[in-house]
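The structure file run19.pdb is reproduced below (PDB, C-alpha atoms and all ligand atoms).
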ATOM      1  CA  MET A   1     152.977  46.390 115.016  1.00  0.00           C
ATOM      2  CA  THR A   2     151.676  49.444 113.203  1.00  0.00           C
ATOM      3  CA  ILE A   3     151.128  53.119 113.937  1.00  0.00           C
ATOM      4  CA  SER A   4     148.616  55.310 112.119  1.00  0.00           C
ATOM      5  CA  GLN A   5     149.625  58.329 110.047  1.00  0.00           C
ATOM      6  CA  THR A   6     147.502  60.462 112.414  1.00  0.00           C
ATOM      7  CA  ASP A   7     149.457  59.282 115.441  1.00  0.00           C
ATOM      8  CA  VAL A   8     152.740  59.945 113.669  1.00  0.00           C
ATOM      9  CA  GLN A   9     151.609  63.491 112.844  1.00  0.00           C
ATOM     10  CA  LYS A  10     150.917  64.068 116.564  1.00  0.00           C
ATOM     11  CA  MET A  11     154.486  63.155 117.455  1.00  0.00           C
ATOM     12  CA  LYS A  12     156.847  66.076 117.761  1.00  0.00           C
ATOM     13  CA  LEU A  13     159.590  65.987 115.156  1.00  0.00           C
ATOM     14  CA  LYS A  14     162.957  66.832 116.622  1.00  0.00           C
ATOM     15  CA  GLY A  15     164.868  66.992 113.380  1.00  0.00           C
ATOM     16  CA  LYS A  16     165.835  65.431 110.085  1.00  0.00           C
ATOM     17  CA  PRO A  17     169.582  64.869 110.089  1.00  0.00           C
ATOM     18  CA  LYS A  18     170.968  65.141 106.581  1.00  0.00           C
ATOM     19  CA  CYS A  19     173.719  63.215 104.870  1.00  0.00           C
ATOM     20  CA  PRO A  20     176.795  65.464 105.130  1.00  0.00           C
ATOM     21  CA  LEU A  21     177.935  64.237 101.711  1.00  0.00           C
ATOM     22  CA  CYS A  22     174.846  64.614  99.530  1.00  0.00           C
ATOM     23  CA  ARG A  23     172.382  66.482 101.833  1.00  0.00           C
ATOM     24  CA  LEU A  24     169.659  63.841 101.556  1.00  0.00           C
ATOM     25  CA  PRO A  25     167.639  63.603 104.803  1.00  0.00           C
ATOM     26  CA  LEU A  26     168.726  60.324 106.413  1.00  0.00           C
ATOM     27  CA  THR A  27     165.898  59.779 108.885  1.00  0.00           C
ATOM     28  CA  PHE A  28     163.272  61.505 111.027  1.00  0.00           C
ATOM     29  CA  ILE A  29     164.067  61.841 114.721  1.00  0.00           C
ATOM     30  CA  TYR A  30     161.177  62.380 117.113  1.00  0.00           C
ATOM     31  CA  GLU A  31     161.096  63.966 120.565  1.00  0.00           C
ATOM     32  CA  GLY A  32     162.028  61.526 123.305  1.00  0.00           C
ATOM     33  CA  SER A  33     164.669  59.735 121.269  1.00  0.00           C
ATOM     34  CA  ILE A  34     167.836  58.851 123.093  1.00  0.00           C
ATOM     35  CA  GLY A  35     170.882  56.875 122.094  1.00  0.00           C
ATOM     36  CA  TYR A  36     172.368  56.069 118.740  1.00  0.00           C
ATOM     37  CA  SER A  37     170.828  54.941 115.462  1.00  0.00           C
ATOM     38  CA  GLY A  38     172.609  53.433 112.468  1.00  0.00           C
ATOM     39  CA  VAL A  39     171.488  54.546 109.007  1.00  0.00           C
ATOM     40  CA  LYS A  40     172.646  54.164 105.445  1.00  0.00           C
ATOM     41  CA  CYS A  41     172.171  57.009 102.975  1.00  0.00           C
ATOM     42  CA  LYS A  42     169.810  55.889 100.221  1.00  0.00           C
ATOM     43  CA  ARG A  43     171.472  58.144  97.677  1.00  0.00           C
ATOM     44  CA  CYS A  44     175.222  57.777  98.186  1.00  0.00           C
ATOM     45  CA  GLY A  45     175.338  54.560 100.246  1.00  0.00           C
ATOM     46  CA  GLN A  46     177.497  55.992 103.022  1.00  0.00           C
ATOM     47  CA  GLU A  47     176.706  54.623 106.487  1.00  0.00           C
ATOM     48  CA  PHE A  48     176.339  56.839 109.537  1.00  0.00           C
ATOM     49  CA  ILE A  49     175.674  56.700 113.241  1.00  0.00           C
ATOM     50  CA  ILE A  50     173.237  59.361 114.425  1.00  0.00           C
ATOM     51  CA  ASN A  51     173.185  60.591 117.987  1.00  0.00           C
ATOM     52  CA  THR A  52     169.423  60.962 118.378  1.00  0.00           C
ATOM     53  CA  GLU A  53     169.815  63.298 121.359  1.00  0.00           C
ATOM     54  CA  THR A  54     172.053  65.877 119.685  1.00  0.00           C
ATOM     55  CA  LEU A  55     171.221  65.012 116.028  1.00  0.00           C
ATOM     56  CA  GLU A  56     174.953  64.761 115.393  1.00  0.00           C
ATOM     57  CA  VAL A  57     175.771  62.681 112.299  1.00  0.00           C
ATOM     58  CA  LEU A  58     178.916  60.546 112.522  1.00  0.00           C
ATOM     59  CA  LYS A  59     180.328  59.082 109.328  1.00  0.00           C
ATOM     60  CA  ILE A  60     181.421  55.470 109.634  1.00  0.00           C
ATOM     61  CA  SER A  61     184.900  55.269 108.197  1.00  0.00           C
ATOM     62  CA  ARG A  62     185.381  52.380 105.789  1.00  0.00           C
ATOM     63  CA  ALA A  63     189.097  52.267 106.501  1.00  0.00           C
ATOM     64  CA  GLY A  64     188.349  51.115 110.055  1.00  0.00           C
TER      65      GLY A  64
HETATM   66 ZN    ZN B 101     174.362  60.670 101.004  1.00  0.00          ZN
END

Is it possible to express this structure as structure tokens?
Amino acid sequence: MTISQTDVQKMKLKGKPKCPLCRLPLTFIYEGSIGYSGVKCKRCGQEFIINTETLEVLKISRAG
């Protein structure tokens, strides 16, 4: 499945949660998102869970 750039531009951006460690934007969250999304920072490699409703970024602890 694909979506055109035009359609993406029509979607309302809710926010771009940033990596709390290196400030790189982790992902784009659009209006209507609910639930959690797992992302890995492309710069520092740290993994996070993002609450797409509140845009809260939760660091996944490697120590368990
Ligand atoms: Zn990072």

Query - Shell around Thr52 (chain A) at 9 Å using only C-alpha atoms, local window under 2 positions removed, as a count of residues only - result: 14

Selection under test: the PyMOL selection byres (((chain A and resi 20-26) around 10) and not hetatm); residues as a PDB file with C-alpha atoms, in the frame of the given file:
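Output file part.pdb follows:
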ATOM      1  CA  GLY A  15     164.868  66.992 113.380  1.00  0.00           C
ATOM      2  CA  LYS A  16     165.835  65.431 110.085  1.00  0.00           C
ATOM      3  CA  PRO A  17     169.582  64.869 110.089  1.00  0.00           C
ATOM      4  CA  LYS A  18     170.968  65.141 106.581  1.00  0.00           C
ATOM      5  CA  CYS A  19     173.719  63.215 104.870  1.00  0.00           C
ATOM      6  CA  THR A  27     165.898  59.779 108.885  1.00  0.00           C
ATOM      7  CA  PHE A  28     163.272  61.505 111.027  1.00  0.00           C
ATOM      8  CA  ILE A  29     164.067  61.841 114.721  1.00  0.00           C
ATOM      9  CA  GLY A  38     172.609  53.433 112.468  1.00  0.00           C
ATOM     10  CA  VAL A  39     171.488  54.546 109.007  1.00  0.00           C
ATOM     11  CA  LYS A  40     172.646  54.164 105.445  1.00  0.00           C
ATOM     12  CA  CYS A  41     172.171  57.009 102.975  1.00  0.00           C
ATOM     13  CA  LYS A  42     169.810  55.889 100.221  1.00  0.00           C
ATOM     14  CA  ARG A  43     171.472  58.144  97.677  1.00  0.00           C
ATOM     15  CA  CYS A  44     175.222  57.777  98.186  1.00  0.00           C
ATOM     16  CA  GLN A  46     177.497  55.992 103.022  1.00  0.00           C
ATOM     17  CA  GLU A  47     176.706  54.623 106.487  1.00  0.00           C
ATOM     18  CA  PHE A  48     176.339  56.839 109.537  1.00  0.00           C
ATOM     19  CA  ILE A  50     173.237  59.361 114.425  1.00  0.00           C
ATOM     20  CA  VAL A  57     175.771  62.681 112.299  1.00  0.00           C
ATOM     21  CA  LEU A  58     178.916  60.546 112.522  1.00  0.00           C
ATOM     22  CA  LYS A  59     180.328  59.082 109.328  1.00  0.00           C
TER      23      LYS A  59
END

**Report entry** Among the residues A:Gly45, A:Gln5, A:Leu13, A:Ser61, the one that comes closest to ligand ZN 101 (chain B) [using all atoms listed in the file]
**Finding:** A:Gly45

Will you model N, CA and C atoms for region 14-34 of chain A and pass it back as a tab-separated table (two decimals), in the coordinates of the input?
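Here's the written file out_12.tsv:
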chain	number	residue	atom	x	y	z
A	14	LYS	N	161.81	66.14	116.05
A	14	LYS	CA	162.96	66.83	116.62
A	14	LYS	C	163.88	67.35	115.52
A	15	GLY	N	164.01	66.56	114.47
A	15	GLY	CA	164.87	66.99	113.38
A	15	GLY	C	165.02	65.92	112.33
A	16	LYS	N	165.57	66.35	111.18
A	16	LYS	CA	165.84	65.43	110.08
A	16	LYS	C	167.31	65.55	109.73
A	17	PRO	N	168.15	64.77	110.40
A	17	PRO	CA	169.58	64.87	110.09
A	17	PRO	C	169.85	64.52	108.63
A	18	LYS	N	170.67	65.33	108.00
A	18	LYS	CA	170.97	65.14	106.58
A	18	LYS	C	172.33	64.48	106.38
A	19	CYS	N	172.44	63.77	105.28
A	19	CYS	CA	173.72	63.22	104.87
A	19	CYS	C	174.69	64.37	104.64
A	20	PRO	N	175.84	64.37	105.32
A	20	PRO	CA	176.80	65.46	105.13
A	20	PRO	C	177.42	65.46	103.73
A	21	LEU	N	177.32	64.35	103.04
A	21	LEU	CA	177.94	64.24	101.71
A	21	LEU	C	177.00	64.71	100.61
A	22	CYS	N	175.74	64.28	100.64
A	22	CYS	CA	174.85	64.61	99.53
A	22	CYS	C	173.60	65.37	99.97
A	23	ARG	N	173.46	65.65	101.28
A	23	ARG	CA	172.38	66.48	101.83
A	23	ARG	C	171.01	65.82	101.81
A	24	LEU	N	170.94	64.55	101.51
A	24	LEU	CA	169.66	63.84	101.56
A	24	LEU	C	169.28	63.62	103.02
A	25	PRO	N	168.03	63.90	103.42
A	25	PRO	CA	167.64	63.60	104.80
A	25	PRO	C	167.76	62.10	105.07
A	26	LEU	N	168.44	61.74	106.14
A	26	LEU	CA	168.73	60.32	106.41
A	26	LEU	C	167.57	59.65	107.13
A	27	THR	N	166.95	60.37	108.07
A	27	THR	CA	165.90	59.78	108.88
A	27	THR	C	165.16	60.89	109.63
A	28	PHE	N	164.02	60.56	110.19
A	28	PHE	CA	163.27	61.50	111.03
A	28	PHE	C	163.51	61.11	112.48
A	29	ILE	N	163.87	62.08	113.30
A	29	ILE	CA	164.07	61.84	114.72
A	29	ILE	C	162.96	62.55	115.49
A	30	TYR	N	162.29	61.81	116.35
A	30	TYR	CA	161.18	62.38	117.11
A	30	TYR	C	161.60	62.68	118.55
A	31	GLU	N	160.85	63.60	119.17
A	31	GLU	CA	161.10	63.97	120.56
A	31	GLU	C	161.07	62.72	121.45
A	32	GLY	N	161.97	62.67	122.41
A	32	GLY	CA	162.03	61.53	123.30
A	32	GLY	C	163.08	60.52	122.91
A	33	SER	N	163.63	60.67	121.72
A	33	SER	CA	164.67	59.74	121.27
A	33	SER	C	165.94	59.92	122.08
A	34	ILE	N	166.51	58.80	122.47
A	34	ILE	CA	167.84	58.85	123.09
A	34	ILE	C	168.68	57.73	122.52
